[in-house]
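All remarks here apply to the structure that follows.
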Amino acid sequence: MRLHLLALLAKEPAHGYELKQALEQTFGSAYPSPNIGQIYVTLGRLEKDGLVRAVDVEQSNRPNKKVYYLTAKGRDVLDLWVDEPTEGPRVRDEFFMKLVLAPMTGIADRMVLINRQRRHYLSLMKDLNELLDRTPPEDKVATLLIEGAMLHLQADLDWLERCQEDLA
């Protein structure tokens, strides 16, 4: 969440609740609604690290609020994040480790593991399909996020088939 908040602050200064709203409005129902407490904890850490600075803004009839600004150091960190490729395929897959090691040690059957994982992926796919059905077509960001998750999940299902063919 650190980098997401920095990216939003690169657009304009904001307080925590505005950042929460911006995340919700940008990503819609496809992105889990961030916890406001987590946002403020993260902003505190970003401030401690010198990536943002907070300015108290007086409000009439309300407590002061902190508005956060991106610092030059924060901009440098954000630029690095944008310039670096995102992590690619996972070579150290936790399920694959289970699939190889559990049968080897006698604590689980390989087909039981594959079938359990397939059911889990199919359940996730069902949830994503329902989420996509509830997402307005004009919400392109949420639609792309959901479709991307579905494509990754389909690739995982295809890979499970390959594991079953080659290992079981």
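For the structure tokens, the naming scheme is as follows: chains receive sequential letters (A, B, ...) according to their order of presentation, residues are indexed from 1 within each chain, and ligands are indexed from 1 in presentation order.
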
Could you write out, as an mmCIF file with N, CA and C atoms, in the first residue's frame, all the residues of chain A that DSSP marks as strand (DSSP E)?
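Dumped to out31.cif:
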data_model
loop_
_atom_site.group_PDB
_atom_site.id
_atom_site.type_symbol
_atom_site.label_atom_id
_atom_site.label_comp_id
_atom_site.auth_asym_id
_atom_site.auth_seq_id
_atom_site.Cartn_x
_atom_site.Cartn_y
_atom_site.Cartn_z
ATOM 1 N N VAL A 52 6.979 11.263 2.807
ATOM 2 C CA VAL A 52 5.883 12.244 2.787
ATOM 3 C C VAL A 52 6.109 13.182 3.973
ATOM 4 N N ARG A 53 5.482 14.335 3.910
ATOM 5 C CA ARG A 53 5.468 15.229 5.069
ATOM 6 C C ARG A 53 4.015 15.580 5.343
ATOM 7 N N ALA A 54 3.716 15.730 6.609
ATOM 8 C CA ALA A 54 2.345 16.044 7.016
ATOM 9 C C ALA A 54 2.278 17.485 7.487
ATOM 10 N N VAL A 55 1.183 18.131 7.126
ATOM 11 C CA VAL A 55 0.922 19.496 7.560
ATOM 12 C C VAL A 55 -0.439 19.505 8.245
ATOM 13 N N ASP A 56 -0.464 20.029 9.465
ATOM 14 C CA ASP A 56 -1.745 20.151 10.173
ATOM 15 C C ASP A 56 -2.556 21.281 9.562
ATOM 16 N N VAL A 57 -3.798 20.983 9.251
ATOM 17 C CA VAL A 57 -4.708 21.977 8.679
ATOM 18 C C VAL A 57 -5.833 22.197 9.677
ATOM 19 N N LYS A 65 -6.789 18.372 10.807
ATOM 20 C CA LYS A 65 -6.502 17.175 10.022
ATOM 21 C C LYS A 65 -5.102 17.311 9.447
ATOM 22 N N LYS A 66 -4.499 16.167 9.177
ATOM 23 C CA LYS A 66 -3.170 16.152 8.577
ATOM 24 C C LYS A 66 -3.323 15.959 7.078
ATOM 25 N N VAL A 67 -2.708 16.855 6.328
ATOM 26 C CA VAL A 67 -2.655 16.703 4.874
ATOM 27 C C VAL A 67 -1.234 16.274 4.541
ATOM 28 N N TYR A 68 -1.127 15.244 3.721
ATOM 29 C CA TYR A 68 0.172 14.655 3.392
ATOM 30 C C TYR A 68 0.623 15.109 2.010
ATOM 31 N N TYR A 69 1.918 15.409 1.927
ATOM 32 C CA TYR A 69 2.551 15.851 0.688
ATOM 33 C C TYR A 69 3.684 14.902 0.354
ATOM 34 N N LEU A 70 3.860 14.612 -0.900
ATOM 35 C CA LEU A 70 4.970 13.787 -1.356
ATOM 36 C C LEU A 70 6.255 14.604 -1.274
#

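Around range 10-12 of chain A, within 10 Å and counting only C-alpha atoms, the residues found are His4, Leu5, Leu6, Ala7, Tyr68, Tyr69, Leu70, Thr71, Gly74, Arg75 and Leu78 of chain A, once anything fewer than 3 positions away on its own chain is removed.
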
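Those residues that approach Arg134 in chain A to within 12 Å, counting only C-alpha atoms, are Gly28, Ser29, Ala30, Asp127, Leu128, Asn129, Glu130, Leu131, Pro137, Glu138, Asp139, Ala142, Thr143 and Ile146 of chain A; same-chain residues fewer than 3 positions away are not listed.
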
With N, CA, C and O atoms retained, export the selected residues as a PDB file, in the first residue's frame.
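Now in out13.pdb:
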ATOM      1  N   GLY A  28     -12.647   0.636  -7.797  1.00  0.00           N
ATOM      2  CA  GLY A  28     -13.999   0.105  -7.675  1.00  0.00           C
ATOM      3  C   GLY A  28     -14.076  -1.141  -6.828  1.00  0.00           C
ATOM      4  O   GLY A  28     -13.256  -1.384  -5.948  1.00  0.00           O
ATOM      5  N   SER A  29     -15.053  -1.949  -7.131  1.00  0.00           N
ATOM      6  CA  SER A  29     -15.325  -3.144  -6.328  1.00  0.00           C
ATOM      7  C   SER A  29     -14.289  -4.240  -6.538  1.00  0.00           C
ATOM      8  O   SER A  29     -14.258  -5.211  -5.793  1.00  0.00           O
ATOM      9  N   ALA A  30     -13.438  -4.097  -7.550  1.00  0.00           N
ATOM     10  CA  ALA A  30     -12.449  -5.134  -7.833  1.00  0.00           C
ATOM     11  C   ALA A  30     -11.312  -5.144  -6.823  1.00  0.00           C
ATOM     12  O   ALA A  30     -10.599  -6.126  -6.695  1.00  0.00           O
ATOM     13  N   ASP A 127     -16.217 -16.699  -7.816  1.00  0.00           N
ATOM     14  CA  ASP A 127     -16.323 -15.408  -7.126  1.00  0.00           C
ATOM     15  C   ASP A 127     -15.953 -14.249  -8.053  1.00  0.00           C
ATOM     16  O   ASP A 127     -16.620 -13.210  -8.055  1.00  0.00           O
ATOM     17  N   LEU A 128     -14.908 -14.439  -8.842  1.00  0.00           N
ATOM     18  CA  LEU A 128     -14.496 -13.386  -9.772  1.00  0.00           C
ATOM     19  C   LEU A 128     -15.541 -13.157 -10.858  1.00  0.00           C
ATOM     20  O   LEU A 128     -15.805 -12.017 -11.247  1.00  0.00           O
ATOM     21  N   ASN A 129     -16.150 -14.228 -11.346  1.00  0.00           N
ATOM     22  CA  ASN A 129     -17.212 -14.085 -12.347  1.00  0.00           C
ATOM     23  C   ASN A 129     -18.390 -13.306 -11.782  1.00  0.00           C
ATOM     24  O   ASN A 129     -18.960 -12.447 -12.452  1.00  0.00           O
ATOM     25  N   GLU A 130     -18.748 -13.611 -10.538  1.00  0.00           N
ATOM     26  CA  GLU A 130     -19.850 -12.884  -9.889  1.00  0.00           C
ATOM     27  C   GLU A 130     -19.485 -11.414  -9.696  1.00  0.00           C
ATOM     28  O   GLU A 130     -20.322 -10.529  -9.910  1.00  0.00           O
ATOM     29  N   LEU A 131     -18.246 -11.171  -9.312  1.00  0.00           N
ATOM     30  CA  LEU A 131     -17.789  -9.795  -9.144  1.00  0.00           C
ATOM     31  C   LEU A 131     -17.815  -9.051 -10.484  1.00  0.00           C
ATOM     32  O   LEU A 131     -18.260  -7.902 -10.560  1.00  0.00           O
ATOM     33  N   PRO A 137     -20.026  -2.042 -16.730  1.00  0.00           N
ATOM     34  CA  PRO A 137     -19.119  -2.145 -17.882  1.00  0.00           C
ATOM     35  C   PRO A 137     -18.285  -0.880 -18.108  1.00  0.00           C
ATOM     36  O   PRO A 137     -17.186  -0.952 -18.628  1.00  0.00           O
ATOM     37  N   GLU A 138     -18.811   0.256 -17.697  1.00  0.00           N
ATOM     38  CA  GLU A 138     -18.064   1.501 -17.895  1.00  0.00           C
ATOM     39  C   GLU A 138     -16.899   1.649 -16.906  1.00  0.00           C
ATOM     40  O   GLU A 138     -16.035   2.504 -17.076  1.00  0.00           O
ATOM     41  N   ASP A 139     -16.868   0.794 -15.879  1.00  0.00           N
ATOM     42  CA  ASP A 139     -15.759   0.812 -14.921  1.00  0.00           C
ATOM     43  C   ASP A 139     -14.617  -0.027 -15.484  1.00  0.00           C
ATOM     44  O   ASP A 139     -14.403  -1.174 -15.110  1.00  0.00           O
ATOM     45  N   ALA A 142     -11.744  -1.485 -12.981  1.00  0.00           N
ATOM     46  CA  ALA A 142     -12.157  -2.665 -12.214  1.00  0.00           C
ATOM     47  C   ALA A 142     -12.320  -3.869 -13.131  1.00  0.00           C
ATOM     48  O   ALA A 142     -11.905  -4.979 -12.787  1.00  0.00           O
ATOM     49  N   THR A 143     -12.898  -3.657 -14.309  1.00  0.00           N
ATOM     50  CA  THR A 143     -13.094  -4.760 -15.257  1.00  0.00           C
ATOM     51  C   THR A 143     -11.758  -5.367 -15.658  1.00  0.00           C
ATOM     52  O   THR A 143     -11.598  -6.594 -15.662  1.00  0.00           O
ATOM     53  N   ILE A 146     -10.231  -7.366 -12.711  1.00  0.00           N
ATOM     54  CA  ILE A 146     -10.911  -8.656 -12.516  1.00  0.00           C
ATOM     55  C   ILE A 146     -10.552  -9.620 -13.640  1.00  0.00           C
ATOM     56  O   ILE A 146     -10.229 -10.791 -13.393  1.00  0.00           O
TER      57      ILE A 146
END

Margin query: Counting only C-alpha atoms, which residue out of A:Ala14, A:Ala168, A:Val91, A:Val77 sits closest to Leu43 in chain A?
Written below: A:Ala14

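Going from CA of Gln21 in chain A over to CA of Asn64 in chain A, you cover 19.2 Å.
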
Taking the backbone alone, and naming residues the way the document does, which bits of chain A are helix (DSSP H, G or I) by DSSP, as a compact mmCIF listing (two decimals) with C-alpha atoms, in the first residue's frame?
# COMPACT_ATOMS: atom_id res chain seq x y z
CA ARG A 2 2.99 2.31 0.52
CA LEU A 3 3.62 2.84 -3.16
CA HIS A 4 -0.07 3.17 -3.98
CA LEU A 5 -0.37 6.02 -1.49
CA LEU A 6 2.78 7.68 -2.82
CA ALA A 7 1.34 7.49 -6.35
CA LEU A 8 -1.88 9.18 -5.24
CA LEU A 9 0.07 11.87 -3.40
CA ALA A 10 2.10 12.53 -6.57
CA LYS A 11 -1.16 13.75 -8.09
CA GLY A 16 -5.98 9.74 4.83
CA TYR A 17 -9.70 9.56 4.18
CA GLU A 18 -9.29 11.25 0.78
CA LEU A 19 -6.66 8.64 -0.11
CA LYS A 20 -9.04 5.84 0.90
CA GLN A 21 -11.77 7.35 -1.28
CA ALA A 22 -9.37 7.78 -4.21
CA LEU A 23 -8.37 4.09 -4.05
CA GLU A 24 -12.02 3.03 -3.89
CA GLN A 25 -13.07 5.32 -6.74
CA THR A 26 -10.11 4.35 -8.92
CA PHE A 27 -10.33 0.57 -8.52
CA GLY A 28 -14.00 0.11 -7.68
CA SER A 29 -15.33 -3.14 -6.33
CA ALA A 30 -12.45 -5.13 -7.83
CA ILE A 36 -8.58 3.53 7.12
CA GLY A 37 -6.48 2.54 10.14
CA GLN A 38 -3.97 0.80 7.88
CA ILE A 39 -3.82 3.88 5.66
CA TYR A 40 -2.94 6.11 8.60
CA VAL A 41 -0.38 3.64 9.96
CA THR A 42 1.23 3.48 6.51
CA LEU A 43 1.21 7.29 6.19
CA GLY A 44 2.94 7.50 9.58
CA ARG A 45 5.66 5.13 8.39
CA LEU A 46 6.04 7.02 5.13
CA GLU A 47 6.44 10.24 7.10
CA LYS A 48 8.99 8.61 9.43
CA ALA A 72 11.47 14.67 -3.19
CA LYS A 73 12.68 11.43 -1.59
CA GLY A 74 9.17 9.99 -1.92
CA ARG A 75 9.11 10.99 -5.59
CA ASP A 76 12.44 9.21 -6.14
CA VAL A 77 11.07 6.02 -4.55
CA LEU A 78 7.92 6.32 -6.65
CA ASP A 79 9.94 6.82 -9.85
CA LEU A 80 11.98 3.69 -9.08
CA TRP A 81 8.78 1.71 -8.57
CA VAL A 82 7.32 2.89 -11.86
CA ASP A 83 10.55 2.28 -13.78
CA GLU A 94 4.08 -22.63 -2.40
CA PHE A 95 1.57 -25.10 -3.81
CA PHE A 96 4.22 -26.73 -6.00
CA MET A 97 6.45 -27.18 -2.96
CA LYS A 98 3.56 -28.97 -1.21
CA LEU A 99 2.87 -31.02 -4.33
CA VAL A 100 6.44 -32.31 -4.46
CA LEU A 101 7.39 -32.54 -0.80
CA ALA A 102 4.20 -33.80 0.88
CA PRO A 103 3.94 -37.03 -1.15
CA MET A 104 7.69 -37.56 -0.90
CA THR A 105 7.44 -37.53 2.89
CA ARG A 110 -0.54 -35.85 -4.76
CA MET A 111 -4.01 -36.24 -6.37
CA VAL A 112 -5.72 -35.13 -3.18
CA LEU A 113 -3.58 -31.98 -3.20
CA ILE A 114 -4.24 -31.31 -6.90
CA ASN A 115 -8.00 -31.80 -6.55
CA ARG A 116 -8.20 -29.63 -3.43
CA GLN A 117 -6.26 -26.84 -5.16
CA ARG A 118 -8.42 -27.15 -8.30
CA ARG A 119 -11.61 -26.80 -6.21
CA HIS A 120 -10.12 -23.75 -4.54
CA TYR A 121 -9.22 -22.14 -7.89
CA LEU A 122 -12.66 -22.91 -9.32
CA SER A 123 -14.30 -21.34 -6.28
CA LEU A 124 -12.15 -18.23 -6.74
CA MET A 125 -13.07 -18.16 -10.44
CA LYS A 126 -16.77 -18.31 -9.54
CA ASP A 127 -16.32 -15.41 -7.13
CA LEU A 128 -14.50 -13.39 -9.77
CA ASN A 129 -17.21 -14.08 -12.35
CA GLU A 130 -19.85 -12.88 -9.89
CA LEU A 131 -17.79 -9.79 -9.14
CA LEU A 132 -17.41 -9.10 -12.87
CA ASP A 133 -21.18 -9.48 -13.35
CA ARG A 134 -21.76 -6.85 -10.64
CA LYS A 140 -12.84 -0.15 -17.15
CA VAL A 141 -10.22 -0.20 -14.39
CA ALA A 142 -12.16 -2.66 -12.21
CA THR A 143 -13.09 -4.76 -15.26
CA LEU A 144 -9.47 -5.05 -16.36
CA LEU A 145 -8.32 -5.88 -12.85
CA ILE A 146 -10.91 -8.66 -12.52
CA GLU A 147 -10.25 -10.01 -16.01
CA GLY A 148 -6.51 -10.05 -15.32
CA ALA A 149 -7.08 -12.04 -12.12
CA MET A 150 -9.30 -14.46 -14.04
CA LEU A 151 -6.65 -14.97 -16.73
CA HIS A 152 -4.01 -15.69 -14.09
CA LEU A 153 -6.37 -18.10 -12.39
CA GLN A 154 -7.10 -19.87 -15.69
CA ALA A 155 -3.36 -20.24 -16.26
CA ASP A 156 -3.07 -21.77 -12.76
CA LEU A 157 -5.87 -24.21 -13.59
CA ASP A 158 -4.14 -25.18 -16.84
CA TRP A 159 -0.88 -25.66 -14.96
CA LEU A 160 -2.65 -27.93 -12.44
CA GLU A 161 -3.75 -30.11 -15.35
CA ARG A 162 -0.15 -30.30 -16.50
CA CYS A 163 0.98 -31.23 -12.97
CA GLN A 164 -1.64 -33.97 -12.86
CA GLU A 165 -0.55 -35.35 -16.24
CA ASP A 166 3.18 -35.31 -15.47
CA LEU A 167 3.32 -36.11 -11.75

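Across the model, the gap from CA of His15 in chain A to CA of Arg62 in chain A is 14.4 Å.
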